[in-house]
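Below is one structure, written out as structure tokens; the observations come after it.
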Amino acid sequence: MNTPQLFPSRREWLKTSACGFGYMALAGLAAEAAAREAKAMNPLAPRQPQFPASAKRVIFMYMRGAPSHVDTFDYKPALAVNAGKSVASLSGQVQDRNRGRKLLPSPFPFSRHGQSGLWISSLFPHVARHADDLCLINSMHTNVPNHPQACLMLHTGEFRFTRPSLGAWLLYGLGTANQNLPGFVTINPPGDLGGAQNYGNAFLSASYQATRIGDADASVAAARVGNLQSPLSAARQREQLDFIQSLNAGLLERQAASPELEGVINSYELGFRMQAALPELMDLSKENAEMLRRYGIGKGVVAAKGKAGAAKKPNAGGGATDNFGRQCLMARRLSEAGVRFVEISLGNWDTHNGLKGRLGQLCAQVDQPIGALMTDLKDRGLLKDTLVVWGGEFGRTPTGQGEDGRDHNSAGFTMWMAGGGVKGGQRVGATDEHGSIAVENKVHHHDLHATMLHLMGIDHQKLTYRYGGRDYSLTDIHGRVVREILA
């Protein structure tokens, strides 16, 4: 797939229409033909997948800082058996980080859940209710145990050079279903680990970059998208925009090529249409009190009963789940409205110390909202074609860092997927007995990307873009579809 095949010259389009989404100046059949051409030229117009897709949309929950897999979704009883023993030798990238350190057992008990009997930590009682929908990928690994590089690898498939993000590739291949909304939204994105590259378009059209809502670790309740309000009436604003777009079109005619200017033309039109649609979806006040309570918005953690016991309430005043709860509910609303890719995020999982206290607090912030999101998607019939993905850039070491912490581990960690054609109630792959390195059915970030694209109806080797004389793809020459994940 390349640009000429997908999108013919925009100049030819601009000859018949002053702006891609403005009023057509032509009449009769000529106007209808121009309208059809303008629709074909819309880079965000929905396109058919390359083969029948299981998923139509993605919700990616990024846990920035790398959650400890051996304390959450990768049960390792050998850690307790060998607690306090020094690691004599390990192979792989974690060798230096573990040499001379002692194995640290998880302070959090695990138990089986669902008919599938998946082992899940007591830190996730609400998520554990959905065990039979989860596919735990216990054999993840990536290239570098440093946050910025691993974060970029997770989001773009490359950490050495600037590349389009996963969400941008999906928009490029499939477009989006609602032309009044952005096709790619990132809420509270990582601001330090590669910054905007994690949700950028790189050499793809600027139309494919994400619309950002909020900043890392900031309150989502106060987040706004800038410049969506205008003192002008819709009619006057339309006149103003048509004039500006005619100037942009004239400038584009005089330049050999300008992806940036084409992106401006598209973004102005999308911004005009977004003014009513996006603020309404971001406004959670119209949700009933029970829905807000389920997501933990406005109050503290709701106890989840069952084998795992009750979730501990961090902060006596409540509100621990409010921020991530808002992200989850907003993600559901955006996805339901036709947004193709939504990423939500929570940071500070870098538990080099204070593991017992901090990890419990972090999990308590996301557990109830994630459980509510899964239930909500099911109740609305959306989970079957919504791909839900959870995880961080890598994991943590099974050895202790000090008395109460774990170091970086890129050689073995866990992510999980659900919905959208994923076979639930199973684990794929495995780390060694202590959780230090992936040893069975190893799954790289490239493999994760290939599998996600496959579920969306895209062959990762055929979604390409010619740039600088060569064809690029999300996975480049790497990646395989992990068939065990597929339902």
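By convention here, the chains of the structure tokens are called A, B, ... in the order presented, each chain's residues are numbered starting at 1, and ligands are numbered starting at 1 in the order presented.
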Spatial neighbours of Ala418 (chain A), max dist 8 Å, only C-alpha atoms, sep filter under 2 positions, as a VMD selection string: chain A and resid 133 to 135 383 387 to 389 416 420 to 424
Could those residues be written to a file, using N, CA and C atoms, as an mmCIF file, in the first residue's frame?
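And here is the file that came out, part.cif:
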data_model
loop_
_atom_site.group_PDB
_atom_site.id
_atom_site.type_symbol
_atom_site.label_atom_id
_atom_site.label_comp_id
_atom_site.auth_asym_id
_atom_site.auth_seq_id
_atom_site.Cartn_x
_atom_site.Cartn_y
_atom_site.Cartn_z
ATOM 1 N N ASP A 133 -12.200 -13.489 29.926
ATOM 2 C CA ASP A 133 -12.064 -12.649 28.727
ATOM 3 C C ASP A 133 -10.614 -12.265 28.467
ATOM 4 N N LEU A 134 -9.739 -12.509 29.427
ATOM 5 C CA LEU A 134 -8.357 -12.038 29.320
ATOM 6 C C LEU A 134 -7.453 -13.067 28.663
ATOM 7 N N CYS A 135 -6.543 -12.572 27.819
ATOM 8 C CA CYS A 135 -5.439 -13.379 27.324
ATOM 9 C C CYS A 135 -4.167 -12.776 27.900
ATOM 10 N N LEU A 383 -17.609 -5.181 23.318
ATOM 11 C CA LEU A 383 -16.364 -5.889 23.597
ATOM 12 C C LEU A 383 -16.000 -6.849 22.474
ATOM 13 N N LEU A 387 -10.864 -4.094 20.684
ATOM 14 C CA LEU A 387 -9.638 -4.722 21.189
ATOM 15 C C LEU A 387 -9.114 -3.902 22.361
ATOM 16 N N VAL A 388 -9.062 -4.511 23.533
ATOM 17 C CA VAL A 388 -8.575 -3.862 24.747
ATOM 18 C C VAL A 388 -7.181 -4.411 25.062
ATOM 19 N N VAL A 389 -6.227 -3.515 25.257
ATOM 20 C CA VAL A 389 -4.835 -3.916 25.516
ATOM 21 C C VAL A 389 -4.350 -3.191 26.763
ATOM 22 N N TRP A 416 -1.682 -7.868 28.649
ATOM 23 C CA TRP A 416 -2.856 -8.673 28.351
ATOM 24 C C TRP A 416 -3.763 -7.996 27.335
ATOM 25 N N GLY A 420 -12.423 -8.127 20.850
ATOM 26 C CA GLY A 420 -11.946 -7.943 19.487
ATOM 27 C C GLY A 420 -11.319 -9.146 18.827
ATOM 28 N N GLY A 421 -11.864 -10.345 19.057
ATOM 29 C CA GLY A 421 -11.315 -11.537 18.416
ATOM 30 C C GLY A 421 -10.219 -12.231 19.187
ATOM 31 N N VAL A 422 -10.008 -11.820 20.445
ATOM 32 C CA VAL A 422 -8.977 -12.450 21.292
ATOM 33 C C VAL A 422 -9.586 -13.656 22.012
ATOM 34 N N LYS A 423 -8.843 -14.733 22.079
ATOM 35 C CA LYS A 423 -9.267 -15.914 22.828
ATOM 36 C C LYS A 423 -8.996 -15.683 24.305
ATOM 37 N N GLY A 424 -10.052 -15.529 25.096
ATOM 38 C CA GLY A 424 -9.906 -15.230 26.513
ATOM 39 C C GLY A 424 -9.705 -16.461 27.368
#
DSSP helix (DSSP H, G or I) residues within region 55-276 of chain A, as a PyMOL selection string: chain A and resi 69-71+77-81+95-98+125-128+131-133+147-156+166-174+195-199+206-208+220-222+234-254+259-276
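Candidate residues A:Asp367, A:Asp322, A:Asp215, A:Asp350 were compared for distance to Leu123 (chain A), and the nearest is A:Asp367, using only C-alpha atoms.
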Strand (DSSP E or B) per DSSP on the backbone: members of region 286-477 of chain A, as a ChimeraX atom specification: /A:341-346,386-391,395-396,399,408-409,413-418,422,426-428,430-431,438-440,443-444,465-467,470-472
